[in-house]
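A.B. asks: Got a structure for you, questions after.
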Amino acid sequence: MLIDSHCHLDAVEFDGDRLAVVERARGLGVGTIVVPAVERANFAAVASVCREFPGCRPAYGIHPMYAGRAQKADLDALRAKLAEASTVAVGEIGLDYFVAEPAVELQGYFLGEQLKLARDLNLPVLLHVRRAVDAVLAQLRRIVVPGGIAHAFNGSRQQADAFIGLGFKLGFGGAMTHPRATRLRALAMTLPIEAIVLETDAPDIPPEWLGRARNEPAELARIATVLAELRGISVDEIAEQTAHNTLAVLPRLAESAL
Ligand SMILES: [Zn+2]
């Protein structure tokens, strides 16, 4: 079984054909999909998608790019959603220094408060990290959470090792399929296999063969083939090992995934 550890299945891009999208994924062996929320306004949509489609499990959080319109009261709403038994992680949370807004301080505030929630509720976190690896690592050293996933990882080997040392797995997906992504492909080839989980981030980060088209969770099957080729092992081994890694870091997912 393949696990898509990060897919925005609730996104409007899937409103027209969500059932077909899920069936295509299932047909290619993608049996479990983690659906992270990005702000309070979409908690209900994430919950409803996960209720409707077996194998989909929610994470709830405030994404750094949505910190500008988040309120402190949203953290109380978040705490309530995190207490639900179906929730597998706090996410998607993190820092994005690629964008000029929201301000760094505001992003940092919401990341810190959400890490505290993860710590207090003993939940792993799903991290969005762009141009901000060291700042995120600094927060993780200050507020210790039970691991998680650095989603769409794109840093150095040293930064990868720092995440691994803090109990994190690294999410690999469509970006790895681009031949010019030499540093990322080298990491996919050489990192300990135990540290790697697979993801699509659909509808975003389309793999190379899709051009600019909408990504979807079924693409995880071919993404797994790319990783298998890079590592010189069978796609079955990749599927088994990455599913194992995902369940190890998201224990609540293991309760329902198999
Ligand atoms: Zn995402």
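Residue numbering restarts at 1 for every chain of the structure tokens, chains are lettered A, B, ... in their displayed order, and ligands are numbered from 1 as they appear.
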Could you list, as a ChimeraX atom specification, all residues that come within 10 Å of ligand 1? Count only C-alpha atoms and all ligand atoms.
C.D. replies: /A:5-8,35-38,63,91-93,126-128,151-152,199-205
A.B. asks: Between A:Met65, A:Ala243, A:Ala118, A:Ala195, single out the one closest to Ile33 in chain A, counting only C-alpha atoms.
C.D. replies: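 Between A:Met65, A:Ala243, A:Ala118, A:Ala195, the residue approaching Ile33 in chain A most closely is A:Ala243.
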A.B. asks: How close does range 163-194 of chain A get to range 218-222 of chain A? List, as a tab-separated table, each residue of range 163-194 of chain A within 12 Å, its nearest atom pair and the distance in Å to one decimal, counting only C-alpha atoms.
C.D. replies:
```
residue	atom	partner	partner_atom	distance
A:Phe172	CA	A:Leu220	CA	10.1
A:Gly173	CA	A:Leu220	CA	7.5
A:Gly174	CA	A:Leu220	CA	8.5
A:Met176	CA	A:Arg222	CA	11.5
A:Thr177	CA	A:Arg222	CA	9.3
```
A.B. asks: When DSSP works through the backbone of this structure, what residues of range 97-178 of chain A end up as alpha helix (DSSP H), shown as a ChimeraX atom specification?
C.D. replies: /A:104-121,133-142,157-165
A.B. asks: So that I can check the surroundings of Arg40 in chain A, please list as a ChimeraX atom specification every protein, DNA and RNA residue that reaches within 9 Å of it, counting only C-alpha atoms and ignoring chain neighbours fewer than 4 positions away.
C.D. replies: /A:44,60-62,70,74-75,77-78
A.B. asks: Could you check how far CA of Leu253 in chain A sits from CA of Ile238 in chain A, in Å to one decimal?
C.D. replies: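 These two atoms are separated by 18.7 Å.
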A.B. asks: Quote the spacing between CA of His244 in chain A and CA of Ile143 in chain A in Å to one decimal place.
C.D. replies: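 For CA of His244 in chain A relative to CA of Ile143 in chain A, the distance reads 26.3 Å.
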A.B. asks: From range 38-184 of chain A, collect each residue whose DSSP state is strand (DSSP E or B) and return the set as a PyMOL selection string.
C.D. replies: chain A and resi 56-60+89-96+125-130+148-151+168-172
A.B. asks: Selected residues, C-alpha atoms, written as a tab-separated table (two decimals), in the first residue's frame, please.
C.D. replies:
```
chain	number	residue	atom	x	y	z
A	56	CYS	CA	-8.55	9.80	4.23
A	57	ARG	CA	-7.44	11.20	7.57
A	58	PRO	CA	-7.33	14.85	8.65
A	59	ALA	CA	-4.66	17.10	10.12
A	60	TYR	CA	-5.58	20.59	11.33
A	89	ALA	CA	-1.29	15.57	13.24
A	90	VAL	CA	-1.06	19.33	13.67
A	91	GLY	CA	-0.68	20.77	10.19
A	92	GLU	CA	-0.07	22.33	7.91
A	93	ILE	CA	2.08	24.72	9.95
A	94	GLY	CA	5.49	26.28	9.45
A	95	LEU	CA	7.32	29.30	8.06
A	96	ASP	CA	7.46	30.67	4.52
A	125	VAL	CA	3.35	18.09	13.10
A	126	LEU	CA	3.24	18.53	9.32
A	127	LEU	CA	5.65	21.30	8.43
A	128	HIS	CA	5.64	23.71	5.51
A	129	VAL	CA	9.17	25.13	5.28
A	130	ARG	CA	10.25	27.47	2.49
A	148	GLY	CA	6.47	14.84	12.28
A	149	ILE	CA	7.09	15.40	8.58
A	150	ALA	CA	9.03	18.19	6.87
A	151	HIS	CA	6.73	18.28	3.84
A	168	PHE	CA	11.22	13.99	11.63
A	169	LYS	CA	10.68	12.28	8.29
A	170	LEU	CA	11.20	14.16	5.03
A	171	GLY	CA	8.43	14.34	2.44
A	172	PHE	CA	9.36	13.69	-1.20
```
A.B. asks: Nearest residue to Phe43 in chain A out of A:Asp134, A:Asp10, A:Asp15, A:Asp236, using only C-alpha atoms?
C.D. replies: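 Ranking A:Asp134, A:Asp10, A:Asp15, A:Asp236 by distance to Phe43 in chain A, first place goes to A:Asp10.
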A.B. asks: Please determine, counting only C-alpha atoms, which residue among A:Asn122, A:Glu229, A:Ser234, A:Pro217 has the shortest atom-to-atom distance to Leu82 in chain A.
C.D. replies: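 Result for the nearest residue to Leu82 in chain A: A:Asn122.
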A.B. asks: Any idea what the distance is between CA of Pro64 in chain A and CA of Leu111 in chain A?
C.D. replies: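 Separation of CA of Pro64 in chain A and CA of Leu111 in chain A: 7.5 Å.
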A.B. asks: Nearest to Arg119 in chain A among A:Val145, A:Leu9, A:Ile223, A:Ala83, with distances taken over only C-alpha atoms: which residue is it?
C.D. replies: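 Selected residue with least distance to Arg119 in chain A: A:Val145.
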A.B. asks: Which polymer residues have any atom within 12 Å of an atom of Val12 in chain A, counting only C-alpha atoms, with same-chain residues fewer than 5 positions away left out, as a list in words?
C.D. replies: Asp17, Arg18, Asn42, Ala45, Val46, Val49, Ala202, Pro203 and Arg214 of chain A
A.B. asks: For Gln158 in chain A, list every protein, DNA or RNA residue within 12 Å, evaluated using only C-alpha atoms, and leave out those in the same chain fewer than 4 positions away; present the list as a ChimeraX atom specification.
C.D. replies: /A:133-134,137,154,162-165,187,191
